[in-house]
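Text of target-v4.cif (mmCIF, C-alpha atoms) as supplied:
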data_entry
loop_
_atom_site.label_atom_id
_atom_site.label_comp_id
_atom_site.auth_asym_id
_atom_site.auth_seq_id
_atom_site.Cartn_x
_atom_site.Cartn_y
_atom_site.Cartn_z
CA MET A 1 -59.18 -44.92 -157.00
CA ARG A 2 -55.78 -44.91 -155.31
CA ILE A 3 -55.36 -47.96 -153.08
CA PRO A 4 -53.56 -46.91 -149.86
CA LEU A 5 -50.03 -48.26 -149.45
CA ILE A 6 -48.62 -48.82 -145.98
CA ALA A 7 -44.93 -49.55 -146.46
CA GLY A 8 -42.04 -50.10 -144.08
CA ASN A 9 -38.33 -49.50 -144.56
CA TRP A 10 -36.25 -51.62 -142.19
CA LYS A 11 -32.91 -50.02 -143.10
CA MET A 12 -29.93 -51.95 -141.65
CA ASN A 13 -31.82 -53.77 -138.91
CA LYS A 14 -32.83 -57.31 -137.91
CA THR A 15 -31.31 -60.72 -138.56
CA VAL A 16 -32.55 -63.24 -141.09
CA THR A 17 -34.31 -65.19 -138.30
CA GLU A 18 -36.04 -62.04 -137.07
CA ALA A 19 -37.09 -61.17 -140.61
CA HIS A 20 -38.59 -64.65 -141.09
CA ASP A 21 -40.46 -64.44 -137.78
CA PHE A 22 -41.85 -60.99 -138.65
CA VAL A 23 -43.28 -62.21 -141.97
CA THR A 24 -44.91 -65.27 -140.42
CA GLY A 25 -46.16 -63.20 -137.49
CA VAL A 26 -48.12 -60.67 -139.55
CA GLN A 27 -49.82 -63.22 -141.78
CA GLY A 28 -53.57 -63.24 -141.33
CA LYS A 29 -53.45 -59.87 -139.55
CA LEU A 30 -53.12 -57.51 -142.51
CA PRO A 31 -55.99 -56.07 -144.57
CA ALA A 32 -56.84 -57.45 -148.00
CA ALA A 33 -54.48 -56.10 -150.66
CA ASP A 34 -57.34 -54.68 -152.73
CA GLN A 35 -58.32 -52.50 -149.75
CA VAL A 36 -54.95 -51.51 -148.25
CA GLU A 37 -51.68 -52.67 -149.78
CA THR A 38 -48.85 -53.46 -147.37
CA ALA A 39 -45.13 -53.78 -148.08
CA ILE A 40 -41.83 -54.15 -146.24
CA ALA A 41 -38.53 -53.10 -147.83
CA ALA A 42 -35.77 -55.15 -146.21
CA PRO A 43 -32.01 -55.67 -146.58
CA ALA A 44 -31.11 -57.78 -149.61
CA LEU A 45 -29.68 -60.45 -147.26
CA PHE A 46 -33.17 -61.33 -146.07
CA LEU A 47 -35.29 -61.11 -149.21
CA GLN A 48 -35.27 -64.74 -150.32
CA THR A 49 -36.07 -65.98 -146.81
CA MET A 50 -38.90 -63.47 -146.49
CA LEU A 51 -40.36 -64.38 -149.87
CA GLU A 52 -40.38 -68.06 -148.93
CA ALA A 53 -42.01 -67.34 -145.55
CA ASN A 54 -44.67 -65.10 -147.11
CA THR A 55 -47.07 -67.92 -147.95
CA ASP A 56 -50.30 -65.92 -148.11
CA ARG A 57 -48.71 -63.29 -150.39
CA VAL A 58 -50.66 -60.40 -148.82
CA LEU A 59 -47.51 -58.58 -147.68
CA ARG A 60 -45.35 -57.32 -150.52
CA ILE A 61 -41.60 -57.81 -150.03
CA GLY A 62 -39.48 -54.99 -151.44
CA ALA A 63 -35.82 -53.93 -151.62
CA GLU A 64 -34.28 -50.91 -149.92
CA THR A 65 -32.10 -49.94 -152.90
CA CYS A 66 -30.39 -51.34 -155.97
CA TYR A 67 -27.68 -50.40 -158.44
CA TYR A 68 -28.42 -48.81 -161.81
CA GLU A 69 -26.65 -51.48 -163.87
CA ASP A 70 -28.10 -54.97 -164.26
CA GLU A 71 -24.81 -56.81 -163.85
CA GLY A 72 -21.04 -56.32 -163.92
CA ALA A 73 -17.97 -55.69 -161.79
CA TYR A 74 -19.76 -53.72 -159.07
CA THR A 75 -18.65 -55.41 -155.86
CA GLY A 76 -21.25 -55.33 -153.10
CA GLU A 77 -24.05 -53.80 -155.17
CA THR A 78 -27.53 -55.28 -155.63
CA SER A 79 -28.63 -56.10 -159.17
CA PRO A 80 -32.11 -54.94 -160.24
CA LEU A 81 -32.15 -57.83 -162.71
CA ALA A 82 -31.62 -60.29 -159.84
CA LEU A 83 -34.28 -58.59 -157.71
CA HIS A 84 -36.82 -58.93 -160.49
CA ALA A 85 -35.91 -62.59 -160.98
CA MET A 86 -36.64 -63.16 -157.28
CA GLY A 87 -40.10 -61.65 -157.64
CA ILE A 88 -39.48 -58.33 -155.87
CA PRO A 89 -42.16 -55.76 -156.82
CA TYR A 90 -40.85 -52.56 -155.17
CA VAL A 91 -37.46 -50.88 -154.76
CA ILE A 92 -36.89 -47.76 -152.65
CA VAL A 93 -34.86 -45.18 -154.57
CA GLY A 94 -33.40 -41.90 -153.36
CA HIS A 95 -33.94 -42.24 -149.63
CA SER A 96 -32.50 -39.26 -147.76
CA GLU A 97 -29.98 -41.52 -146.03
CA ARG A 98 -28.70 -42.77 -149.39
CA ARG A 99 -28.35 -39.16 -150.53
CA ARG A 100 -26.62 -38.06 -147.32
CA TYR A 101 -24.42 -41.00 -146.32
CA PHE A 102 -23.62 -42.44 -149.76
CA ASN A 103 -23.61 -39.21 -151.77
CA GLU A 104 -26.25 -40.31 -154.24
CA THR A 105 -26.93 -37.45 -156.63
CA ASP A 106 -30.11 -36.68 -158.54
CA ASP A 107 -28.47 -38.21 -161.64
CA VAL A 108 -27.69 -41.47 -159.83
CA ILE A 109 -31.23 -41.62 -158.47
CA ASN A 110 -32.68 -41.06 -161.93
CA ARG A 111 -30.54 -43.88 -163.34
CA LYS A 112 -31.78 -46.16 -160.56
CA VAL A 113 -35.40 -45.22 -161.31
CA GLN A 114 -34.82 -46.14 -164.95
CA ALA A 115 -33.16 -49.43 -163.95
CA VAL A 116 -36.04 -50.42 -161.69
CA PHE A 117 -38.57 -49.76 -164.43
CA ARG A 118 -36.38 -51.48 -167.02
CA ASN A 119 -36.53 -54.62 -164.91
CA GLY A 120 -40.29 -54.65 -164.49
CA MET A 121 -40.44 -53.35 -160.91
CA THR A 122 -41.86 -50.19 -159.34
CA PRO A 123 -39.68 -47.57 -157.66
CA ILE A 124 -40.75 -45.89 -154.45
CA VAL A 125 -38.99 -42.58 -155.04
CA CYS A 126 -38.17 -40.55 -151.94
CA CYS A 127 -37.92 -36.78 -152.03
CA ASP A 128 -36.44 -34.87 -149.15
CA GLU A 129 -36.93 -31.48 -147.56
CA THR A 130 -34.48 -30.03 -145.06
CA MET A 131 -35.55 -27.82 -142.18
CA GLY A 132 -33.19 -25.15 -143.47
CA ARG A 133 -35.03 -24.90 -146.72
CA ARG A 134 -38.38 -24.90 -144.95
CA GLU A 135 -37.31 -21.95 -142.82
CA SER A 136 -35.92 -20.07 -145.81
CA GLY A 137 -39.16 -20.45 -147.71
CA GLU A 138 -37.70 -22.64 -150.49
CA LYS A 139 -39.68 -25.79 -149.80
CA ILE A 140 -41.63 -25.78 -153.06
CA HIS A 141 -38.45 -25.36 -155.10
CA TRP A 142 -36.74 -28.27 -153.28
CA VAL A 143 -39.60 -30.74 -153.70
CA VAL A 144 -40.16 -29.84 -157.35
CA ASN A 145 -36.49 -30.24 -158.23
CA GLN A 146 -36.09 -33.70 -156.72
CA VAL A 147 -39.27 -35.08 -158.26
CA SER A 148 -38.48 -33.61 -161.67
CA ALA A 149 -34.90 -34.95 -161.58
CA ALA A 150 -35.99 -38.44 -160.54
CA LEU A 151 -38.54 -38.67 -163.35
CA LYS A 152 -36.33 -37.24 -166.11
CA GLY A 153 -36.79 -39.35 -169.24
CA VAL A 154 -39.41 -41.61 -167.63
CA SER A 155 -42.21 -42.51 -170.04
CA THR A 156 -45.84 -41.69 -169.37
CA GLU A 157 -46.58 -45.41 -169.06
CA ASN A 158 -43.97 -45.86 -166.34
CA ALA A 159 -44.70 -42.57 -164.58
CA ALA A 160 -48.27 -43.76 -164.04
CA LYS A 161 -46.90 -46.64 -161.92
CA VAL A 162 -44.41 -44.73 -159.79
CA VAL A 163 -44.83 -44.25 -156.04
CA ILE A 164 -43.46 -41.04 -154.51
CA ALA A 165 -42.64 -40.71 -150.81
CA TYR A 166 -42.46 -37.24 -149.25
CA GLU A 167 -39.84 -37.46 -146.50
CA PRO A 168 -38.89 -34.26 -144.68
CA SER A 169 -35.42 -35.11 -143.38
CA TRP A 170 -35.95 -33.23 -140.13
CA ALA A 171 -38.73 -35.72 -139.26
CA ILE A 172 -36.92 -38.98 -140.13
CA GLY A 173 -35.88 -40.80 -136.97
CA SER A 174 -36.51 -37.70 -134.86
CA GLY A 175 -39.67 -38.92 -133.18
CA THR A 176 -41.37 -35.75 -134.42
CA SER A 177 -43.65 -36.22 -137.40
CA ALA A 178 -44.79 -33.52 -139.74
CA SER A 179 -48.29 -32.35 -138.90
CA SER A 180 -51.09 -33.64 -141.08
CA ASP A 181 -51.24 -30.15 -142.66
CA GLN A 182 -47.52 -30.23 -143.48
CA ALA A 183 -47.78 -33.77 -144.88
CA GLU A 184 -50.79 -32.82 -146.99
CA GLU A 185 -49.02 -29.74 -148.35
CA GLY A 186 -45.89 -31.70 -149.30
CA CYS A 187 -47.86 -34.50 -150.96
CA TYR A 188 -50.04 -31.97 -152.80
CA LEU A 189 -46.97 -30.17 -154.17
CA ILE A 190 -45.53 -33.46 -155.39
CA ARG A 191 -48.78 -34.33 -157.14
CA GLN A 192 -48.86 -30.89 -158.77
CA THR A 193 -45.28 -31.35 -159.95
CA ILE A 194 -46.20 -34.65 -161.59
CA ALA A 195 -49.21 -32.97 -163.20
CA ASP A 196 -46.96 -30.25 -164.61
CA ILE A 197 -44.59 -32.83 -166.11
CA TYR A 198 -47.25 -35.23 -167.41
CA SER A 199 -50.96 -34.50 -166.90
CA ASP A 200 -53.60 -34.00 -164.23
CA ASP A 201 -55.12 -37.39 -164.98
CA LEU A 202 -51.81 -39.19 -164.55
CA ALA A 203 -50.99 -37.28 -161.36
CA ASN A 204 -54.37 -38.10 -159.87
CA GLY A 205 -53.58 -41.80 -160.22
CA VAL A 206 -50.08 -41.72 -158.68
CA ARG A 207 -49.77 -42.70 -155.04
CA VAL A 208 -47.91 -40.23 -152.84
CA LEU A 209 -46.79 -41.39 -149.40
CA TYR A 210 -45.63 -39.55 -146.30
CA GLY A 211 -42.55 -40.75 -144.40
CA GLY A 212 -41.01 -39.46 -141.19
CA SER A 213 -41.68 -40.66 -137.61
CA VAL A 214 -44.94 -42.35 -138.56
CA LYS A 215 -46.52 -44.19 -135.61
CA PRO A 216 -49.83 -45.88 -134.78
CA ASP A 217 -50.89 -42.78 -132.83
CA ASN A 218 -50.50 -40.36 -135.75
CA ILE A 219 -51.26 -42.42 -138.84
CA ALA A 220 -55.03 -41.92 -138.78
CA GLY A 221 -54.66 -38.15 -138.99
CA LEU A 222 -52.16 -38.43 -141.83
CA MET A 223 -54.31 -40.87 -143.81
CA ALA A 224 -57.35 -38.62 -143.48
CA ARG A 225 -55.78 -36.07 -145.82
CA ASN A 226 -56.76 -36.06 -149.49
CA ASN A 227 -53.27 -36.21 -151.00
CA VAL A 228 -51.69 -38.66 -148.53
CA ASP A 229 -52.12 -42.12 -150.06
CA GLY A 230 -50.07 -44.03 -147.53
CA VAL A 231 -46.93 -43.97 -145.44
CA LEU A 232 -43.32 -45.10 -145.56
CA ALA A 233 -42.56 -46.00 -141.95
CA GLY A 234 -39.13 -46.62 -140.46
CA GLY A 235 -38.89 -47.55 -136.78
CA ALA A 236 -42.56 -48.46 -136.41
CA SER A 237 -42.26 -51.02 -139.21
CA LEU A 238 -39.66 -52.97 -137.25
CA ASP A 239 -42.18 -53.89 -134.59
CA GLU A 240 -44.67 -56.56 -135.67
CA LYS A 241 -47.55 -55.25 -133.55
CA ALA A 242 -46.96 -51.63 -134.56
CA PHE A 243 -46.87 -52.50 -138.26
CA ILE A 244 -50.14 -54.43 -137.96
CA GLN A 245 -51.67 -51.35 -136.33
CA LEU A 246 -50.37 -49.12 -139.12
CA ALA A 247 -51.84 -51.43 -141.75
CA ASN A 248 -55.18 -51.43 -139.94
CA TYR A 249 -55.20 -47.67 -139.38
CA GLN A 250 -58.90 -47.45 -140.22
CA ASN A 251 -59.65 -49.32 -136.98
CA LEU A 252 -57.55 -47.09 -134.71
#

This entry written out as structure tokens:
Amino acid sequence: MRIPLIAGNWKMNKTVTEAHDFVTGVQGKLPAADQVETAIAAPALFLQTMLEANTDRVLRIGAETCYYEDEGAYTGETSPLALHAMGIPYVIVGHSERRRYFNETDDVINRKVQAVFRNGMTPIVCCDETMGRRESGEKIHWVVNQVSAALKGVSTENAAKVVIAYEPSWAIGSGTSASSDQAEEGCYLIRQTIADIYSDDLANGVRVLYGGSVKPDNIAGLMARNNVDGVLAGGASLDEKAFIQLANYQNL
């Protein structure tokens, strides 16, 4: 039984006061964690404040990225060791914006995946698909390559814990979501890739999310699909009311 995961990625938005107010504002309005798990990945600046404000512990507080070394002379980077010590459960790895704007390669992403696992946390690994590759008929090849590269050298025990987010880059921030059929196809291909690397049983237990212009008015259709286990929302997760609606998608 895969528990749905409704996660938000704030990116470089909000102030520490706004982050605190968001956490206190959603308390008591989210579903029980054993029914639908909820998480917000926020800038490292806000994490301690959010953890302290999160008194009912229903919402999981995650990080948007980290470095692949635990400590050292890496000015401005975020230590996975420090994140774990804070009590952070999830770290987003390989988001399309990190790949595009900060030139993160598959090798860097794999090292980050290993670092997150090494420090007792769970990576939410994003895999991208560009419209160009969709139109040229290479979508399956693109998805398979990014998932395989991210999981290179990852043990069976750790692979069983990973969360994968299917994020077609043409949908991120565009206001145009993939259709439920497109989301289902992408998530299915990811699950099949994991099955090829490990086993069907392991793949059937891994949660695969869809990310890209997710909103309250399209989440129900996405969540109705067999291989879509949740969402990784961007803009909609910044709004308290919208995130509550996403989390309670079964009532929409």

Can you list, as an mmCIF file with C-alpha atoms, in the coordinates of the input, every protein, DNA or RNA residue that comes within 7 Å of Asn9 of chain A when you count all atoms listed in the file, leaving out same-chain residues fewer than 3 positions away?
data_model
loop_
_atom_site.group_PDB
_atom_site.id
_atom_site.type_symbol
_atom_site.label_atom_id
_atom_site.label_comp_id
_atom_site.auth_asym_id
_atom_site.auth_seq_id
_atom_site.Cartn_x
_atom_site.Cartn_y
_atom_site.Cartn_z
ATOM 1 C CA ILE A 40 -41.830 -54.150 -146.240
ATOM 2 C CA ALA A 41 -38.530 -53.100 -147.830
ATOM 3 C CA ALA A 42 -35.770 -55.150 -146.210
ATOM 4 C CA GLU A 64 -34.280 -50.910 -149.920
ATOM 5 C CA LEU A 232 -43.320 -45.100 -145.560
ATOM 6 C CA ALA A 233 -42.560 -46.000 -141.950
ATOM 7 C CA GLY A 234 -39.130 -46.620 -140.460
ATOM 8 C CA SER A 237 -42.260 -51.020 -139.210
#

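Non-sequential neighbours of Arg2 of chain A (distance at most 9 Å, separation of 6 or more positions within a chain, all atoms listed in the file) are Asn204, Gly205, Val206, Arg207 and Asp229 of chain A.
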
Pull out every residue that the PyMOL selection byres ((chain A and resi 70-72) around 10) matches in the shown coordinates and put them as a PyMOL selection string.
chain A and resi 66-69+73-75+77-83+115-116+118-119

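The shell of residues at most 12 Å from Thr55 of chain A, with all atoms listed in the file counted and near chain neighbours (fewer than 5 positions) removed, consists of His20, Val23, Thr24, Gly25, Val26, Gln27, Gly28, Thr49, Met50, Arg60 and Ile61 of chain A.
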
Counting all atoms listed in the file, closest pick from A:Gly8, A:Asn54, A:Asn158, A:His84 relative to Thr38 of chain A is A:Gly8

If the PyMOL selection byres ((chain A and resi 88) around 9) is run on the structure shown, which residues does it catch, given as a ChimeraX atom specification?
/A:47,51,60-63,83-87,89-91,121

Gap from atom CA of Glu37 of chain A to atom CA of Leu5 of chain A - Å, one decimal:
4.7 Å

Closest pair table for segment 77-149 of chain A residues within 8 Å of segment 188-198 of chain A, all atoms listed in the file, as a tab-separated table:
residue	atom	partner	partner_atom	distance
A:Ile140	CA	A:Leu189	CA	7.0
A:Val143	CA	A:Ile190	CA	6.7
A:Val144	CA	A:Thr193	CA	5.9
A:Val147	CA	A:Ile190	CA	7.1
A:Ser148	CA	A:Thr193	CA	7.4

Could you tell me, as a ChimeraX atom specification, exactly which residues end up selected when the PyMOL selection byres ((chain A and resi 246) around 8) is applied to this structure?
/A:6,215-216,219,242-245,247-249

Hey, could you pull the box centre and edge lengths for segment 33-46 of chain A, axis-aligned, 3 Å padding per side, all listed atoms, to one decimal in Å, as AutoDock Vina command-line options?
--center_x -44.0 --center_y -56.4 --center_z -149.4 --size_x 34.6 --size_y 15.8 --size_z 12.7

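Of the residues under consideration (A:Leu30, A:Leu252, A:Val208, A:Leu238), A:Leu238 shows the shortest atom-to-atom contact distance to Met12 of chain A when counting all atoms listed in the file.
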
Any idea what's packed within 8 Å of Ser96 of chain A, counting all atoms listed in the file, ignoring anything in its chain fewer than 5 positions away? Could you give it as a ChimeraX atom specification?
/A:126-128,167,169

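Atom to atom, atom CA of Ile3 of chain A and atom CA of Asn110 of chain A stand 25.3 Å apart.
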
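Ranking A:Val93, A:Ala32, A:Leu202, A:Ala178 by their shortest atom-to-atom distance to Asp106 of chain A, with all atoms listed in the file included, puts A:Val93 first.
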
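Nearest-residue note for Gly76 of chain A: choosing from A:Leu151, A:Val163, A:Ala44, A:Ile92, the minimum distance belongs to A:Ala44, counting only C-alpha atoms.
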